[in-house]
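K.L.:
Below is input12.cif; it holds mmCIF, C-alpha atoms.
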```cif
data_coords
loop_
_atom_site.label_atom_id
_atom_site.label_comp_id
_atom_site.auth_asym_id
_atom_site.auth_seq_id
_atom_site.Cartn_x
_atom_site.Cartn_y
_atom_site.Cartn_z
CA MET F 30 0.05 22.22 100.87
CA VAL F 31 2.70 24.24 102.64
CA GLU F 32 5.14 26.24 100.55
CA ALA F 33 8.75 26.93 101.51
CA TRP F 34 11.70 28.62 99.76
CA TYR F 35 15.19 29.98 100.31
CA MET F 36 15.15 33.64 101.29
CA ASP F 37 16.97 36.58 99.78
CA GLU F 38 19.28 38.71 101.93
CA SER F 39 17.13 41.86 101.79
CA GLN F 40 16.65 43.75 105.04
CA GLU F 41 13.40 45.32 103.80
CA ASP F 42 9.99 44.68 105.37
CA GLN F 43 10.15 41.28 107.11
CA ARG F 44 6.50 40.63 106.17
CA THR F 45 7.18 40.37 102.42
CA PRO F 46 7.97 36.94 100.88
CA HIS F 47 11.72 37.55 100.36
CA ARG F 48 12.03 34.99 97.55
CA LEU F 49 15.28 34.56 95.69
CA ARG F 50 15.19 35.30 91.95
CA PRO F 51 14.89 32.80 90.49
CA ASN F 52 12.86 31.19 93.26
CA ARG F 53 14.52 28.22 95.05
CA PRO F 54 11.68 26.12 96.47
CA VAL F 55 12.20 23.81 99.44
CA SER F 56 10.36 20.47 99.56
CA LEU F 57 8.69 18.82 102.54
CA GLU F 58 11.43 16.18 102.33
CA GLN F 59 14.08 18.88 102.74
CA LEU F 60 12.20 20.31 105.72
CA ARG F 61 11.95 16.82 107.27
CA SER F 62 15.72 16.42 106.87
CA LEU F 63 16.02 19.48 109.15
CA GLY F 64 13.68 17.87 111.69
CA VAL F 65 10.74 20.13 110.74
CA ALA F 66 7.42 18.26 110.72
CA TYR F 67 4.35 19.48 108.83
CA ARG F 68 0.71 18.42 108.89
CA LYS F 69 -2.47 19.78 107.28
CA LEU F 70 -5.56 19.71 109.53
CA ASP F 71 -9.16 20.94 109.50
CA ALA F 72 -8.90 24.28 111.29
CA ASP F 73 -12.63 24.96 110.97
CA ASN F 74 -13.28 22.04 113.32
CA TYR F 75 -10.21 22.13 115.58
CA GLU F 76 -12.31 21.84 118.74
CA THR F 77 -13.73 18.45 117.72
CA ASP F 78 -11.17 17.25 115.13
CA PRO F 79 -10.33 13.57 115.81
CA CYS F 80 -7.01 13.97 113.92
CA LEU F 81 -5.89 16.76 116.26
CA LYS F 82 -7.05 14.73 119.26
CA GLU F 83 -4.98 11.75 118.07
CA ILE F 84 -1.90 13.91 117.40
CA ARG F 85 -2.15 15.40 120.88
CA ARG F 86 -2.46 11.92 122.42
CA ALA F 87 0.34 10.36 120.35
CA GLU F 88 2.78 13.26 120.86
CA ASN F 89 1.75 13.84 124.50
CA TYR F 90 0.76 17.48 123.81
CA SER F 91 -0.97 17.93 127.15
CA TRP F 92 -1.11 21.75 127.19
CA MET F 93 -2.44 24.21 124.64
CA ASP F 94 -3.58 27.78 124.26
CA ILE F 95 -4.59 30.08 121.44
CA ILE F 96 -2.83 33.32 120.58
CA THR F 97 -4.06 36.01 118.22
CA ILE F 98 -1.35 38.19 116.77
CA HIS F 99 -2.87 41.44 115.55
CA LYS F 100 -2.30 45.02 116.63
CA ASP F 101 -5.81 45.20 118.18
CA LYS F 102 -5.59 41.83 119.98
CA LEU F 103 -2.07 41.41 121.35
CA PRO F 104 -0.79 43.60 124.20
CA ASN F 105 2.63 45.13 123.45
CA TYR F 106 2.10 44.17 119.78
CA GLU F 107 5.11 46.00 118.30
CA GLU F 108 7.47 44.69 120.98
CA LYS F 109 6.18 41.12 120.57
CA ILE F 110 6.56 41.19 116.78
CA LYS F 111 10.20 42.27 117.17
CA THR F 112 10.81 39.54 119.77
CA PHE F 113 9.26 36.81 117.59
CA TYR F 114 11.52 37.86 114.67
CA GLU F 115 14.77 37.67 116.65
CA GLU F 116 16.70 34.57 115.64
CA HIS F 117 16.45 32.14 118.55
CA LEU F 118 16.05 28.55 119.64
CA HIS F 119 14.08 26.75 122.32
CA LEU F 120 15.03 23.85 124.57
CA ASP F 121 11.77 22.09 123.63
CA ASP F 122 9.98 21.55 120.32
CA GLU F 123 7.86 24.46 119.10
CA ILE F 124 4.44 23.32 117.85
CA ARG F 125 2.11 25.78 116.14
CA TYR F 126 -1.23 25.16 114.44
CA ILE F 127 -2.64 28.01 112.35
CA LEU F 128 -6.36 28.39 113.00
CA ASP F 129 -6.84 31.54 110.92
CA GLY F 130 -4.73 34.08 109.09
CA SER F 131 -1.17 33.52 107.94
CA GLY F 132 2.48 34.15 108.64
CA TYR F 133 6.02 32.89 108.11
CA PHE F 134 8.35 30.66 110.08
CA ASP F 135 11.97 31.02 109.03
CA VAL F 136 14.43 28.24 109.84
CA ARG F 137 18.14 27.80 109.21
CA ASP F 138 19.25 24.95 106.96
CA LYS F 139 22.37 22.83 107.56
CA ASP F 140 24.47 25.49 105.75
CA ASP F 141 23.01 28.30 107.89
CA LYS F 142 20.85 29.70 105.05
CA TRP F 143 17.35 30.98 105.78
CA ILE F 144 14.34 29.01 104.57
CA ARG F 145 10.95 30.73 104.73
CA ILE F 146 7.90 28.54 105.42
CA SER F 147 4.57 30.09 104.51
CA MET F 148 1.91 29.07 107.02
CA GLU F 149 -1.85 29.49 106.59
CA LYS F 150 -5.09 28.21 108.02
CA GLY F 151 -4.93 24.47 108.74
CA ASP F 152 -1.11 24.21 108.76
CA MET F 153 0.60 22.63 111.77
CA ILE F 154 4.35 22.78 112.15
CA THR F 155 6.74 21.29 114.66
CA LEU F 156 10.18 22.87 114.92
CA PRO F 157 12.68 20.69 116.77
CA ALA F 158 14.37 21.83 119.95
CA GLY F 159 17.69 23.47 119.11
CA ILE F 160 16.85 24.74 115.58
CA TYR F 161 17.47 28.43 114.99
CA HIS F 162 14.26 30.04 113.80
CA ARG F 163 12.03 33.11 113.91
CA PHE F 164 8.42 34.05 113.15
CA THR F 165 6.77 37.00 111.47
CA LEU F 166 3.37 37.93 110.20
CA ASP F 167 2.96 38.31 106.46
CA GLU F 168 1.41 41.36 104.80
CA ASN F 169 -2.05 40.41 106.14
CA ASN F 170 -0.84 41.31 109.66
CA TYR F 171 -3.00 38.69 111.37
CA VAL F 172 -2.71 35.14 112.60
CA LYS F 173 -4.60 33.07 115.16
CA ALA F 174 -2.58 30.06 116.26
CA MET F 175 -2.79 27.20 118.70
CA ARG F 176 0.37 26.63 120.73
CA LEU F 177 0.93 23.08 121.94
CA PHE F 178 3.35 21.77 124.55
CA VAL F 179 4.42 18.56 126.20
CA GLY F 180 3.82 19.35 129.89
CA GLU F 181 3.90 22.89 131.21
CA PRO F 182 4.68 25.56 128.61
CA VAL F 183 8.16 27.01 128.49
CA TRP F 184 8.24 30.34 126.68
CA THR F 185 11.96 31.06 126.90
CA PRO F 186 13.68 31.94 123.62
CA TYR F 187 17.48 31.84 123.58
CA ASN F 188 18.76 34.32 121.04
CA ARG F 189 21.66 33.39 118.81
CA PRO F 190 24.38 32.58 119.68
CA ALA F 191 23.12 29.74 121.86
CA ASP F 192 25.33 26.92 120.59
CA ASP F 193 26.36 25.65 124.04
CA PHE F 194 22.89 24.49 125.06
CA PRO F 195 22.42 20.71 125.11
CA ALA F 196 19.33 21.07 122.86
CA ARG F 197 21.47 22.80 120.20
CA LYS F 198 24.22 20.20 120.46
CA GLN F 199 21.66 17.40 120.15
CA TYR F 200 20.12 19.12 117.12
CA MET F 201 23.54 19.49 115.46
CA LYS F 202 24.17 15.78 116.09
CA PHE F 203 20.82 15.02 114.42
CA LEU F 204 21.83 17.09 111.36
CA ALA F 205 25.18 15.28 111.13
CA GLU F 206 23.44 11.90 111.24
CA GLU F 207 20.93 13.02 108.58
CA ALA F 208 23.83 13.98 106.30
CA GLN F 209 25.29 10.47 106.38
#
```
Give the structure from this file in structure tokens form.

P.N.:
Amino acid sequence: MVEAWYMDESQEDQRTPHRLRPNRPVSLEQLRSLGVAYRKLDADNYETDPCLKEIRRAENYSWMDIITIHKDKLPNYEEKIKTFYEEHLHLDDEIRYILDGSGYFDVRDKDDKWIRISMEKGDMITLPAGIYHRFTLDENNYVKAMRLFVGEPVWTPYNRPADDFPARKQYMKFLAEEAQ
């Protein structure tokens, strides 16, 4: 089961958990209210997993690749890690499935507070278009993830502030409707 919590304001190593004291956990229901979807799958059998095949069919995830984030596997590793951790949004949903290793996705809640989502092998997350977020490795410094897209992949992150994009406006409308 995925674990999420509100983050402290420390600027120390981004790879540490950054839990508030006392810890303030965040439930799957709270994540869903932000438009974040979570699934647990069988990462050992991702190539033949009928659940993954059905998710891809149902959600129209027609394109995928696998990325390994580790200093020995990813060209321009240090630069990429910094880029992933910049607060940004995308104009399309971001879908990631952790095949091995672990890391953190951080998302902003409706009050602009950071929530850290701990991701490990078998976890699949969908971040809605327009949500401010970022990614970092944890202290293990390794993750292998499947990236899924509807149609051709679009890799463009729009760093904050990006409030004028239609995807952000639509996301803010979604949050307002969820609050009612």

K.L.:
Pick out the residues sitting within 8 Å of region 121-130 of chain F, and hand them over as an MDAnalysis selection string; count only C-alpha atoms, and ignore anything fewer than 4 positions along from it in its own chain.

P.N.:
chainID F and resid 72:73 75 148:159 169 171:178 183 196

K.L.:
Of the candidates F:Ala191, F:Phe164, F:Asp71, F:Trp143, which one gets nearest to Ser39 (chain F) if we count all atoms listed in the file?

P.N.:
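For Ser39 (chain F), the nearest of the given residues is F:Trp143.
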
K.L.:
Extract, using all atoms listed in the file, all DNA, RNA and protein residues at most 12 Å from Asp101 (chain F), discarding same-chain residues fewer than 3 positions from it, and format them as a list in words.

P.N.:
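Using all atoms listed in the file, the neighbours found are Thr97, Ile98, Pro104, Asn105, Tyr106, Glu107, Asn170, Tyr171 and Val172 of chain F.
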
K.L.:
In Å to one decimal, how far is CA of Glu206 (chain F) from CA of Phe134 (chain F)?

P.N.:
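Calculated distance between CA of Phe134 (chain F) and CA of Glu206 (chain F) is 24.1 Å.
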
K.L.:
Work out how far apart CA of Ser131 (chain F) and CA of Arg44 (chain F) are and give it in Å to one decimal.

P.N.:
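Distance reported for this atom pair: 10.6 Å.
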
K.L.:
Please write as a ChimeraX atom specification the full residue list that the PyMOL selection byres ((chain F and resi 60-67) around 9) yields on this file.

P.N.:
/F:31,33,55-59,68-69,136-139,152-157,160,200,203-204,207-208

K.L.:
What's the separation between CA of Lys111 (chain F) and CA of Pro186 (chain F), in Å to one decimal place?

P.N.:
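Going from CA of Lys111 (chain F) over to CA of Pro186 (chain F), I get 12.7 Å.
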